[in-house]
Each structure stands twice: as structure tokens, then as C-alpha cells.
>>> print(open('start.cif').read())   # mmCIF, N, CA and C atoms and all ligand atoms
data_start
loop_
_atom_site.label_atom_id
_atom_site.label_comp_id
_atom_site.auth_asym_id
_atom_site.auth_seq_id
_atom_site.Cartn_x
_atom_site.Cartn_y
_atom_site.Cartn_z
N MET S 1 0.86 -1.20 0.00
CA MET S 1 0.00 0.00 0.00
C MET S 1 0.89 1.25 0.00
N SER S 2 0.67 2.10 -0.98
CA SER S 2 1.52 3.28 -1.13
C SER S 2 0.98 4.43 -0.29
N ASN S 3 1.87 5.28 0.19
CA ASN S 3 1.45 6.51 0.89
C ASN S 3 1.11 7.61 -0.09
N PHE S 4 1.31 7.34 -1.37
CA PHE S 4 1.13 8.37 -2.39
C PHE S 4 -0.01 7.97 -3.32
N LYS S 5 -0.68 9.01 -3.83
CA LYS S 5 -1.94 8.74 -4.53
C LYS S 5 -1.75 8.89 -6.04
N LEU S 6 -1.95 7.77 -6.72
CA LEU S 6 -1.85 7.76 -8.18
C LEU S 6 -3.26 7.53 -8.74
N PHE S 7 -3.67 8.38 -9.65
CA PHE S 7 -5.01 8.26 -10.24
C PHE S 7 -4.90 7.60 -11.61
N ASN S 8 -5.83 6.71 -11.90
CA ASN S 8 -5.98 6.16 -13.25
C ASN S 8 -7.17 6.85 -13.88
N PHE S 9 -6.93 7.74 -14.79
CA PHE S 9 -8.03 8.50 -15.38
C PHE S 9 -8.78 7.64 -16.40
N SER S 10 -10.08 7.90 -16.50
CA SER S 10 -10.87 7.21 -17.53
C SER S 10 -10.47 7.75 -18.89
N GLU S 11 -10.21 6.83 -19.79
CA GLU S 11 -9.86 7.25 -21.15
C GLU S 11 -11.10 7.09 -22.02
N ILE S 12 -11.39 8.15 -22.76
CA ILE S 12 -12.48 8.09 -23.72
C ILE S 12 -11.81 7.81 -25.06
N GLY S 13 -11.98 6.62 -25.55
CA GLY S 13 -11.23 6.26 -26.76
C GLY S 13 -12.15 5.75 -27.85
N ASP S 14 -11.77 6.01 -29.06
CA ASP S 14 -12.42 5.39 -30.21
C ASP S 14 -11.37 5.27 -31.30
N GLU S 15 -11.79 4.99 -32.51
CA GLU S 15 -10.81 4.76 -33.58
C GLU S 15 -9.97 6.00 -33.89
N ARG S 16 -10.40 7.15 -33.38
CA ARG S 16 -9.65 8.39 -33.64
C ARG S 16 -8.53 8.61 -32.63
N GLY S 17 -8.55 7.87 -31.53
CA GLY S 17 -7.53 8.05 -30.51
C GLY S 17 -8.15 8.16 -29.13
N SER S 18 -7.38 8.71 -28.19
CA SER S 18 -7.82 8.74 -26.79
C SER S 18 -7.96 10.16 -26.29
N LEU S 19 -8.79 10.30 -25.28
CA LEU S 19 -9.03 11.62 -24.69
C LEU S 19 -9.23 11.43 -23.19
N VAL S 20 -8.62 12.29 -22.41
CA VAL S 20 -8.84 12.29 -20.96
C VAL S 20 -9.36 13.67 -20.59
N ALA S 21 -10.41 13.73 -19.80
CA ALA S 21 -10.97 15.01 -19.35
C ALA S 21 -10.88 15.09 -17.84
N LEU S 22 -10.37 16.20 -17.33
CA LEU S 22 -10.21 16.37 -15.88
C LEU S 22 -11.01 17.59 -15.46
N GLU S 23 -11.80 17.43 -14.41
CA GLU S 23 -12.62 18.54 -13.92
C GLU S 23 -12.34 18.74 -12.44
N SER S 24 -12.13 20.01 -12.08
CA SER S 24 -11.83 20.37 -10.70
C SER S 24 -12.83 19.76 -9.74
N LEU S 25 -12.31 19.10 -8.71
CA LEU S 25 -13.10 18.54 -7.61
C LEU S 25 -14.12 17.50 -8.06
N LYS S 26 -13.98 17.01 -9.31
CA LYS S 26 -14.85 15.92 -9.76
C LYS S 26 -14.00 14.66 -9.86
N ASN S 27 -13.21 14.54 -10.90
CA ASN S 27 -12.35 13.34 -10.96
C ASN S 27 -10.92 13.62 -10.50
N ILE S 28 -10.65 14.84 -10.08
CA ILE S 28 -9.40 15.15 -9.37
C ILE S 28 -9.76 15.93 -8.11
N PRO S 29 -8.96 15.75 -7.04
CA PRO S 29 -9.37 16.33 -5.74
C PRO S 29 -8.92 17.77 -5.53
N ILE S 30 -8.50 18.44 -6.59
CA ILE S 30 -8.06 19.82 -6.43
C ILE S 30 -8.87 20.75 -7.32
N ASP S 31 -8.90 22.02 -6.91
CA ASP S 31 -9.57 23.06 -7.68
C ASP S 31 -8.47 23.75 -8.50
N ILE S 32 -8.47 23.55 -9.81
CA ILE S 32 -7.33 24.01 -10.63
C ILE S 32 -7.32 25.53 -10.73
N GLU S 33 -6.17 26.10 -10.35
CA GLU S 33 -6.00 27.55 -10.41
C GLU S 33 -4.87 27.92 -11.39
N ARG S 34 -3.97 26.95 -11.61
CA ARG S 34 -2.78 27.22 -12.43
C ARG S 34 -2.38 25.93 -13.12
N VAL S 35 -1.88 26.07 -14.32
CA VAL S 35 -1.37 24.93 -15.09
C VAL S 35 0.02 25.30 -15.59
N TYR S 36 0.99 24.41 -15.42
CA TYR S 36 2.29 24.65 -16.06
C TYR S 36 2.83 23.33 -16.57
N TYR S 37 3.79 23.40 -17.45
CA TYR S 37 4.36 22.16 -17.97
C TYR S 37 5.86 22.30 -18.14
N ILE S 38 6.51 21.16 -17.96
CA ILE S 38 7.98 21.08 -17.98
C ILE S 38 8.35 20.19 -19.17
N TYR S 39 9.24 20.66 -20.00
CA TYR S 39 9.64 19.90 -21.19
C TYR S 39 11.05 20.32 -21.58
N GLY S 40 11.65 19.58 -22.50
CA GLY S 40 13.00 19.92 -22.95
C GLY S 40 14.04 19.73 -21.86
N THR S 41 13.76 18.80 -20.95
CA THR S 41 14.68 18.54 -19.83
C THR S 41 15.65 17.44 -20.22
N SER S 42 16.94 17.62 -19.98
CA SER S 42 17.88 16.57 -20.38
C SER S 42 17.81 15.42 -19.38
N MET S 43 18.19 14.24 -19.86
CA MET S 43 18.05 13.01 -19.04
C MET S 43 18.80 13.12 -17.73
N LYS S 44 19.90 13.84 -17.73
CA LYS S 44 20.73 13.91 -16.53
C LYS S 44 20.20 14.93 -15.54
N GLN S 45 19.26 15.74 -15.99
CA GLN S 45 18.77 16.83 -15.15
C GLN S 45 17.79 16.31 -14.09
N GLU S 46 17.94 16.80 -12.88
CA GLU S 46 16.96 16.50 -11.83
C GLU S 46 16.34 17.82 -11.40
N ARG S 47 15.05 17.82 -11.13
CA ARG S 47 14.35 19.06 -10.76
C ARG S 47 13.52 18.81 -9.51
N GLY S 48 12.97 19.86 -8.99
CA GLY S 48 12.12 19.73 -7.80
C GLY S 48 12.94 20.08 -6.57
N PHE S 49 13.20 19.07 -5.74
CA PHE S 49 13.96 19.26 -4.49
C PHE S 49 13.27 20.31 -3.61
N HIS S 50 11.97 20.17 -3.48
CA HIS S 50 11.24 21.07 -2.59
C HIS S 50 9.92 20.41 -2.18
N ALA S 51 9.30 21.00 -1.17
CA ALA S 51 7.93 20.64 -0.79
C ALA S 51 7.16 21.95 -0.73
N HIS S 52 5.85 21.85 -0.77
CA HIS S 52 5.02 23.04 -0.63
C HIS S 52 4.27 22.97 0.69
N LYS S 53 4.14 24.13 1.33
CA LYS S 53 3.43 24.17 2.61
C LYS S 53 1.94 23.90 2.40
N GLU S 54 1.35 24.53 1.41
CA GLU S 54 -0.11 24.45 1.22
C GLU S 54 -0.53 23.93 -0.15
N LEU S 55 0.30 24.17 -1.15
CA LEU S 55 -0.10 23.86 -2.53
C LEU S 55 -0.32 22.36 -2.73
N ARG S 56 -1.36 22.03 -3.50
CA ARG S 56 -1.61 20.65 -3.91
C ARG S 56 -1.56 20.61 -5.44
N GLN S 57 -0.93 19.58 -5.96
CA GLN S 57 -0.73 19.53 -7.40
C GLN S 57 -0.98 18.12 -7.92
N ILE S 58 -1.31 18.04 -9.19
CA ILE S 58 -1.40 16.75 -9.86
C ILE S 58 -0.46 16.78 -11.06
N ALA S 59 0.45 15.82 -11.12
CA ALA S 59 1.44 15.74 -12.20
C ALA S 59 1.01 14.64 -13.17
N ILE S 60 1.01 15.00 -14.44
CA ILE S 60 0.60 14.06 -15.48
C ILE S 60 1.67 14.10 -16.58
N CYS S 61 2.23 12.95 -16.89
CA CYS S 61 3.22 12.89 -17.97
C CYS S 61 2.44 12.67 -19.26
N VAL S 62 2.22 13.75 -20.01
CA VAL S 62 1.37 13.64 -21.20
C VAL S 62 2.15 13.11 -22.41
N ASN S 63 3.47 13.08 -22.30
CA ASN S 63 4.29 12.45 -23.36
C ASN S 63 5.60 11.97 -22.73
N GLY S 64 6.10 10.83 -23.19
CA GLY S 64 7.37 10.33 -22.68
C GLY S 64 7.22 9.77 -21.27
N SER S 65 8.29 9.87 -20.50
CA SER S 65 8.26 9.29 -19.15
C SER S 65 9.27 10.00 -18.25
N LEU S 66 9.06 9.81 -16.96
CA LEU S 66 10.03 10.28 -15.94
C LEU S 66 9.74 9.54 -14.65
N ASP S 67 10.67 9.67 -13.71
CA ASP S 67 10.46 9.14 -12.36
C ASP S 67 10.29 10.31 -11.40
N ILE S 68 9.40 10.15 -10.44
CA ILE S 68 9.27 11.17 -9.39
C ILE S 68 9.52 10.48 -8.05
N LEU S 69 10.57 10.93 -7.37
CA LEU S 69 10.84 10.42 -6.02
C LEU S 69 9.98 11.23 -5.06
N MET S 70 9.09 10.52 -4.36
CA MET S 70 8.18 11.16 -3.42
C MET S 70 8.64 10.83 -2.00
N ASP S 71 8.51 11.81 -1.11
CA ASP S 71 8.99 11.65 0.25
C ASP S 71 8.09 12.48 1.16
N ASP S 72 7.36 11.80 2.05
CA ASP S 72 6.48 12.55 2.96
C ASP S 72 7.13 12.76 4.32
N GLY S 73 8.43 12.50 4.39
CA GLY S 73 9.15 12.68 5.65
C GLY S 73 9.28 11.38 6.41
N ASN S 74 8.43 10.41 6.07
CA ASN S 74 8.49 9.09 6.70
C ASN S 74 8.77 8.01 5.67
N THR S 75 8.14 8.11 4.53
CA THR S 75 8.24 7.09 3.49
C THR S 75 8.74 7.73 2.20
N LYS S 76 9.62 7.00 1.53
CA LYS S 76 10.09 7.45 0.21
C LYS S 76 9.65 6.42 -0.81
N GLU S 77 9.23 6.88 -1.97
CA GLU S 77 8.84 5.96 -3.04
C GLU S 77 9.12 6.62 -4.38
N THR S 78 9.63 5.83 -5.31
CA THR S 78 9.84 6.35 -6.67
C THR S 78 8.69 5.89 -7.54
N ILE S 79 8.03 6.84 -8.15
CA ILE S 79 6.86 6.54 -8.98
C ILE S 79 7.19 6.92 -10.42
N THR S 80 6.99 5.96 -11.32
CA THR S 80 7.23 6.22 -12.74
C THR S 80 5.93 6.69 -13.39
N LEU S 81 6.03 7.80 -14.09
CA LEU S 81 4.88 8.26 -14.88
C LEU S 81 5.25 8.06 -16.35
N ASP S 82 4.47 7.25 -17.04
CA ASP S 82 4.80 6.95 -18.44
C ASP S 82 3.57 6.83 -19.32
N THR S 83 2.46 7.37 -18.82
CA THR S 83 1.25 7.36 -19.64
C THR S 83 0.40 8.59 -19.30
N PRO S 84 -0.25 9.18 -20.31
CA PRO S 84 -1.11 10.34 -20.04
C PRO S 84 -2.37 9.99 -19.26
N SER S 85 -2.60 8.70 -19.05
CA SER S 85 -3.84 8.32 -18.35
C SER S 85 -3.63 8.18 -16.84
N LYS S 86 -2.44 8.55 -16.35
CA LYS S 86 -2.19 8.48 -14.90
C LYS S 86 -1.83 9.86 -14.36
N GLY S 87 -2.21 10.13 -13.14
CA GLY S 87 -1.85 11.39 -12.51
C GLY S 87 -1.42 11.14 -11.08
N LEU S 88 -0.35 11.81 -10.68
CA LEU S 88 0.18 11.65 -9.32
C LEU S 88 -0.16 12.89 -8.50
N LEU S 89 -0.80 12.68 -7.37
CA LEU S 89 -1.05 13.79 -6.46
C LEU S 89 0.24 14.12 -5.72
N ILE S 90 0.68 15.37 -5.87
CA ILE S 90 1.80 15.86 -5.05
C ILE S 90 1.15 16.74 -4.01
N ASP S 91 0.94 16.16 -2.85
CA ASP S 91 0.15 16.84 -1.82
C ASP S 91 1.02 17.84 -1.07
N ARG S 92 0.39 18.63 -0.21
CA ARG S 92 1.17 19.55 0.59
C ARG S 92 2.15 18.75 1.46
N MET S 93 3.28 19.35 1.72
CA MET S 93 4.34 18.74 2.54
C MET S 93 4.79 17.37 2.02
N GLN S 94 4.97 17.31 0.71
CA GLN S 94 5.58 16.11 0.12
C GLN S 94 6.79 16.56 -0.70
N TRP S 95 7.96 16.20 -0.20
CA TRP S 95 9.21 16.51 -0.90
C TRP S 95 9.22 15.70 -2.19
N HIS S 96 9.59 16.32 -3.30
CA HIS S 96 9.60 15.57 -4.55
C HIS S 96 10.78 15.97 -5.43
N VAL S 97 11.29 14.95 -6.11
CA VAL S 97 12.42 15.12 -7.03
C VAL S 97 12.04 14.44 -8.34
N MET S 98 12.14 15.18 -9.42
CA MET S 98 11.80 14.64 -10.74
C MET S 98 13.10 14.28 -11.46
N LYS S 99 13.16 13.06 -12.02
CA LYS S 99 14.40 12.64 -12.68
C LYS S 99 14.13 11.61 -13.76
N ASN S 100 15.21 11.23 -14.44
CA ASN S 100 15.12 10.26 -15.55
C ASN S 100 14.08 10.68 -16.59
N PHE S 101 14.14 11.95 -16.94
CA PHE S 101 13.24 12.46 -17.98
C PHE S 101 13.61 11.83 -19.32
N SER S 102 12.66 11.27 -20.03
CA SER S 102 12.94 10.85 -21.41
C SER S 102 13.03 12.12 -22.26
N PRO S 103 13.74 12.06 -23.40
CA PRO S 103 13.91 13.28 -24.19
C PRO S 103 12.57 13.90 -24.60
N SER S 104 11.56 13.06 -24.77
CA SER S 104 10.26 13.56 -25.24
C SER S 104 9.32 13.92 -24.09
N CYS S 105 9.82 13.87 -22.86
CA CYS S 105 8.91 14.04 -21.72
C CYS S 105 8.27 15.43 -21.68
N VAL S 106 6.96 15.43 -21.53
CA VAL S 106 6.23 16.66 -21.24
C VAL S 106 5.43 16.39 -19.96
N LEU S 107 5.79 17.09 -18.90
CA LEU S 107 5.12 16.89 -17.62
C LEU S 107 4.17 18.05 -17.38
N LEU S 108 2.89 17.71 -17.38
CA LEU S 108 1.84 18.71 -17.16
C LEU S 108 1.51 18.72 -15.67
N VAL S 109 1.44 19.90 -15.09
CA VAL S 109 1.14 19.99 -13.66
C VAL S 109 -0.06 20.91 -13.45
N LEU S 110 -1.04 20.38 -12.72
CA LEU S 110 -2.22 21.15 -12.35
C LEU S 110 -2.04 21.56 -10.89
N ALA S 111 -2.25 22.82 -10.59
CA ALA S 111 -1.99 23.31 -9.23
C ALA S 111 -3.21 24.06 -8.72
N ASP S 112 -3.40 24.03 -7.40
CA ASP S 112 -4.62 24.63 -6.85
C ASP S 112 -4.41 26.07 -6.35
N ASP S 113 -3.26 26.66 -6.70
CA ASP S 113 -3.07 28.07 -6.31
C ASP S 113 -2.09 28.71 -7.28
N GLU S 114 -2.04 30.01 -7.24
CA GLU S 114 -1.08 30.73 -8.06
C GLU S 114 0.33 30.47 -7.54
N TYR S 115 1.33 30.86 -8.33
CA TYR S 115 2.72 30.68 -7.94
C TYR S 115 3.07 31.61 -6.77
N ARG S 116 3.58 31.03 -5.70
CA ARG S 116 4.04 31.83 -4.55
C ARG S 116 5.34 31.22 -4.03
N GLU S 117 6.42 31.94 -4.18
CA GLU S 117 7.72 31.42 -3.69
C GLU S 117 7.65 31.17 -2.18
N SER S 118 6.83 31.96 -1.47
CA SER S 118 6.76 31.81 0.00
C SER S 118 6.14 30.48 0.43
N ASP S 119 5.52 29.77 -0.52
CA ASP S 119 4.92 28.48 -0.18
C ASP S 119 5.93 27.33 -0.30
N TYR S 120 7.10 27.61 -0.84
CA TYR S 120 8.11 26.57 -1.05
C TYR S 120 8.93 26.32 0.21
N ILE S 121 9.26 25.05 0.46
CA ILE S 121 10.33 24.70 1.41
C ILE S 121 11.42 24.04 0.57
N ARG S 122 12.56 24.70 0.45
CA ARG S 122 13.60 24.21 -0.45
C ARG S 122 14.77 23.57 0.31
N ASP S 123 14.67 23.55 1.62
CA ASP S 123 15.75 22.98 2.42
C ASP S 123 15.24 21.68 3.06
N TYR S 124 15.92 20.55 2.78
CA TYR S 124 15.39 19.26 3.22
C TYR S 124 15.32 19.15 4.74
N GLU S 125 16.32 19.68 5.42
CA GLU S 125 16.30 19.58 6.90
C GLU S 125 15.13 20.35 7.49
N HIS S 126 14.88 21.51 6.92
CA HIS S 126 13.73 22.31 7.34
C HIS S 126 12.43 21.51 7.12
N PHE S 127 12.33 20.89 5.94
CA PHE S 127 11.15 20.06 5.63
C PHE S 127 10.99 18.93 6.66
N ALA S 128 12.08 18.20 6.90
CA ALA S 128 12.01 17.06 7.82
C ALA S 128 11.61 17.51 9.22
N ASN S 129 12.14 18.66 9.65
CA ASN S 129 11.78 19.18 10.98
C ASN S 129 10.31 19.56 11.04
N GLU S 130 9.82 20.20 9.99
CA GLU S 130 8.40 20.60 9.95
C GLU S 130 7.49 19.37 10.03
N VAL S 131 7.83 18.32 9.26
CA VAL S 131 7.00 17.12 9.24
C VAL S 131 7.01 16.43 10.60
N ASN S 132 8.18 16.35 11.20
CA ASN S 132 8.31 15.62 12.46
C ASN S 132 7.74 16.39 13.65
N ASN S 133 7.63 17.71 13.51
CA ASN S 133 7.05 18.50 14.60
C ASN S 133 5.57 18.78 14.39
N ALA S 134 5.00 18.26 13.29
CA ALA S 134 3.59 18.57 12.99
C ALA S 134 2.66 17.85 13.94
P1 LIG S 201 10.59 25.49 -9.70
O1 LIG S 201 9.26 25.29 -9.08
O2 LIG S 201 11.76 25.68 -8.79
O3 LIG S 201 10.91 24.31 -10.72
P2 LIG S 201 11.19 22.75 -10.45
O4 LIG S 201 10.49 22.34 -9.22
O5 LIG S 201 10.68 22.08 -11.67
O6 LIG S 201 12.66 22.55 -10.35
O7 LIG S 201 10.48 26.72 -10.71
C1 LIG S 201 11.51 27.07 -11.60
C2 LIG S 201 11.41 28.56 -11.88
O8 LIG S 201 10.18 28.86 -12.53
C3 LIG S 201 11.48 29.41 -10.63
O9 LIG S 201 12.26 30.54 -10.93
C4 LIG S 201 10.06 29.84 -10.40
C5 LIG S 201 9.46 29.84 -11.78
N1 LIG S 201 8.02 29.47 -11.79
C6 LIG S 201 7.07 30.43 -12.06
O10 LIG S 201 7.38 31.62 -12.30
N2 LIG S 201 5.75 30.06 -12.08
C7 LIG S 201 5.36 28.79 -11.83
O11 LIG S 201 4.15 28.49 -11.86
C8 LIG S 201 6.36 27.81 -11.52
C9 LIG S 201 5.99 26.37 -11.23
C10 LIG S 201 7.67 28.19 -11.52
#
>>> encode(input="start.cif", output="C-alpha cells")
Amino acid sequence: MSNFKLFNFSEIGDERGSLVALESLKNIPIDIERVYYIYGTSMKQERGFHAHKELRQIAICVNGSLDILMDDGNTKETITLDTPSKGLLIDRMQWHVMKNFSPSCVLLVLADDEYRESDYIRDYEHFANEVNNA
């Protein structure tokens, strides 16, 4: 049993191809306020290395693949995203590192708030202390 939440989205498919539709607070547990995507990342590049105090996000690899190392301060797990029909909840106070990007990787991220640098925890020791004192 994983501590991290992976969604299998319903695919609407026919001979023309596949379609996934996501609606705030219906088939995803967040109210989408912002969308961003990461692409053109070299295989050796690692990104993330932070947790958010309040922000909740859903990461969807809409093309290619990558690994996301998830860490809630107690459990660590590496989750591979390699299909547009799966979404990983990156919940508040979950340290995450994105790596092993395939050259074609496009990582779409749905977020429930606007960008705020003040919501980031970028120091792992600070994160671990916050989690353990919660
Ligand atoms: P960051 O969240 O640190 O990227 P990653 O976690 O993928 O390593 O963001 C990289 C830069 O982009 C940083 O300068 C902040 C900026 N940024 C925005 O301006 N708006 C956004 O919505 C996001 C996610 C980042």
C-alpha cells in the first residue's frame, strides 16, 4: 500500500484516438487555479527538491516518461509516470524530485493556487523538521 496517490483517469477512446478530461473537484481532488508544464529537460537533469506548505498539485506525464521520487518525511517511493492516463497527487508537505526524464517528456502539472515562492520549502532539513514536529 503506497502513501502516495496515483489516479488512473478514464480514457475516452475510439478509432480516432484517446481523450482524458479532468474537472476540478470531480475526478481530481483539487480546484485548478494554475497549469504549467515542464519539457526539454535533459536526461541527466533533476528538478524539484522542494515541498510546498499548502499547494496541492497533480502531475501528469502527457508524453514520454520520468520518475518522481516522493517523500512525505516518513516514506520514500519512486513513482514512474509513463502514460497520459495516470496522474500523481503531489500533496502539501511532500518533498519531490523529478528525474530520468525521457527526451520527449512533457510533464503537465495542475496546481490549486497561483505561484508563490513563499509556499516553497527548499531545504530538506527544514522540511524534515516541519513534518516531524507537525
Ligand atoms: P521550480 O518550481 O523551482 O521548478 P522545479 O520544481 O521544476 O525545479 O520553478 C523554476 C522557476 O520557474 C522558478 O524561478 C520559479 C518559476 N516558476 C514560475 O514563475 N511560475 C510557476 O508556476 C512555476 C511552477 C515556476
>>> atom_distance(input="start.cif", atom1="CA of Val20 in chain S", atom2="CA of Phe7 in chain S")
12.1 Å
>>> residues_around(input="start.cif", residues="range 36-53 of chain S", least_positions_apart="2", cutoff="6.5 Å", atoms="all atoms listed in the file", output="JSON, numbers by chain")
{"S": [34, 55, 91, 92, 93, 94, 95, 96, 97, 98, 99, 100, 101, 102, 103, 104, 105, 106, 107, 108, 109, 110, 111, 119, 120, 121, 122, 123]}
>>> atom_distance(input="start.cif", atom1="CA of Glu23 in chain S", atom2="CA of Asp113 in chain S")
15.5 Å
>>> residues_around(input="start.cif", residues="Ile79 in chain S", least_positions_apart="5", cutoff="6.5 Å", atoms="all atoms listed in the file", output="list of chain:residue names")
S:Leu66, S:Asp67, S:Ile68, S:Leu69, S:Met70
>>> closest_residue(input="start.cif", among="S:Met1, S:Val35, S:Val62, S:Ile30", to="ligand LIG 201 (chain S)", atoms="only N, CA and C atoms and all ligand atoms")
S:Val35
>>> decode(input="start.cif", residues="range 77-108 of chain S", atoms="C-alpha atoms", output="PDB file, in the first residue's frame")
ATOM      1  CA  GLU S  77       8.840   5.964  -3.041  1.00  0.00           C
ATOM      2  CA  THR S  78       9.843   6.348  -6.668  1.00  0.00           C
ATOM      3  CA  ILE S  79       6.862   6.544  -8.976  1.00  0.00           C
ATOM      4  CA  THR S  80       7.232   6.223 -12.741  1.00  0.00           C
ATOM      5  CA  LEU S  81       4.879   8.261 -14.882  1.00  0.00           C
ATOM      6  CA  ASP S  82       4.802   6.949 -18.438  1.00  0.00           C
ATOM      7  CA  THR S  83       1.250   7.361 -19.641  1.00  0.00           C
ATOM      8  CA  PRO S  84      -1.105  10.343 -20.035  1.00  0.00           C
ATOM      9  CA  SER S  85      -3.836   8.320 -18.347  1.00  0.00           C
ATOM     10  CA  LYS S  86      -2.193   8.484 -14.895  1.00  0.00           C
ATOM     11  CA  GLY S  87      -1.854  11.395 -12.506  1.00  0.00           C
ATOM     12  CA  LEU S  88       0.179  11.651  -9.317  1.00  0.00           C
ATOM     13  CA  LEU S  89      -1.055  13.794  -6.460  1.00  0.00           C
ATOM     14  CA  ILE S  90       1.798  15.862  -5.053  1.00  0.00           C
ATOM     15  CA  ASP S  91       0.152  16.842  -1.821  1.00  0.00           C
ATOM     16  CA  ARG S  92       1.172  19.555   0.593  1.00  0.00           C
ATOM     17  CA  MET S  93       4.340  18.745   2.543  1.00  0.00           C
ATOM     18  CA  GLN S  94       5.578  16.114   0.116  1.00  0.00           C
ATOM     19  CA  TRP S  95       9.209  16.507  -0.904  1.00  0.00           C
ATOM     20  CA  HIS S  96       9.596  15.572  -4.551  1.00  0.00           C
ATOM     21  CA  VAL S  97      12.416  15.122  -7.033  1.00  0.00           C
ATOM     22  CA  MET S  98      11.802  14.636 -10.743  1.00  0.00           C
ATOM     23  CA  LYS S  99      14.401  12.640 -12.675  1.00  0.00           C
ATOM     24  CA  ASN S 100      15.117  10.258 -15.547  1.00  0.00           C
ATOM     25  CA  PHE S 101      13.244  12.464 -17.979  1.00  0.00           C
ATOM     26  CA  SER S 102      12.942  10.852 -21.407  1.00  0.00           C
ATOM     27  CA  PRO S 103      13.910  13.275 -24.193  1.00  0.00           C
ATOM     28  CA  SER S 104      10.261  13.564 -25.239  1.00  0.00           C
ATOM     29  CA  CYS S 105       8.910  14.042 -21.716  1.00  0.00           C
ATOM     30  CA  VAL S 106       6.229  16.665 -21.236  1.00  0.00           C
ATOM     31  CA  LEU S 107       5.119  16.890 -17.618  1.00  0.00           C
ATOM     32  CA  LEU S 108       1.842  18.708 -17.157  1.00  0.00           C
TER      33      LEU S 108
END
